[in-house]
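To keep things clear, I will list the structure first and then write my remarks on it.
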Amino acid sequence: MELSDALAYAGEHKQGVLTTIKSDGRPQLSNITYLVTDEGTIQISVTDDRAKTNNLRRDPRASLHVTADDFWSYCVIEGDATMTAPAATTDDETVEAMVEWYRAMSGEHSNWDEYRQAMVDDRRLLLTITPTHAYGMLGR
């Protein structure tokens, strides 16, 4: 499967399953929402203390599984993950990136000050997957 086809398919959805690798080598699966960017990367909002975040710090390989409502049409996008630093202040680079992510996902927030503070309180960070390979069945 071509990466461009998988990214186009994934771009039609917003929910998927992120797979990371636990320290014992087994997969860790997490239901997530994501954004396919114009640059062809995948962005996910995560918190600093979650297993998936720790797994990716140790081993940056990640896979995103996206399926259609009919269950038979799907793609898996594999790639390498990078992460911002956890949000520390309401005006730091991570919070600015999270604001842009939110806007792309959902439009304008009703209270940006509240959103910014929540990013700091939750120690949110932005995970970016750079795709390297894809497979699946795109029945669309």
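Residues in the structure tokens are named by chain (A, B, ... in the order shown) and by number from 1 within that chain; ligands are numbered from 1 in the order shown.
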Region 33-118 of chain A: residues DSSP assigns to strand (DSSP E or B), reported as a VMD selection string: chain A and resid 33 35 to 36 42 to 47 61 to 67 74 to 83
Close residues, region 1-8 of chain A itself excluded, 9 Å, only C-alpha atoms, min 4 positions apart in chain, as JSON, numbers by chain: {"A": [12, 36, 40, 41, 42, 74, 75, 76, 77, 131, 132, 133, 134, 135, 136, 137, 138]}
DSSP-assigned alpha helix (DSSP H) among region 11-112 of chain A, expressed as a PyMOL selection string: chain A and resi 11+51-58+93-106+112
Leu64 (chain A) surroundings by only C-alpha atoms, 8 Å radius, close-in-sequence under 3 positions cut, as a list in words: Gly16, Val17, Leu18, Thr19, Val76, Ile77 and Glu78 of chain A
From A:Arg26, A:Thr130, A:Ala87, A:His65, residue lying nearest Ala118 (chain A) [only C-alpha atoms]: A:Ala87
Among listed residues A:Thr37, A:Thr90, A:Thr67, A:Asn54, nearest Asp113 (chain A) (using only C-alpha atoms): A:Thr90
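Remark: for Ser45 (chain A), the closest of the candidate residues A:Ala88, A:Ile129, A:Ala104, A:Met98 is A:Met98 (distances computed over only C-alpha atoms).
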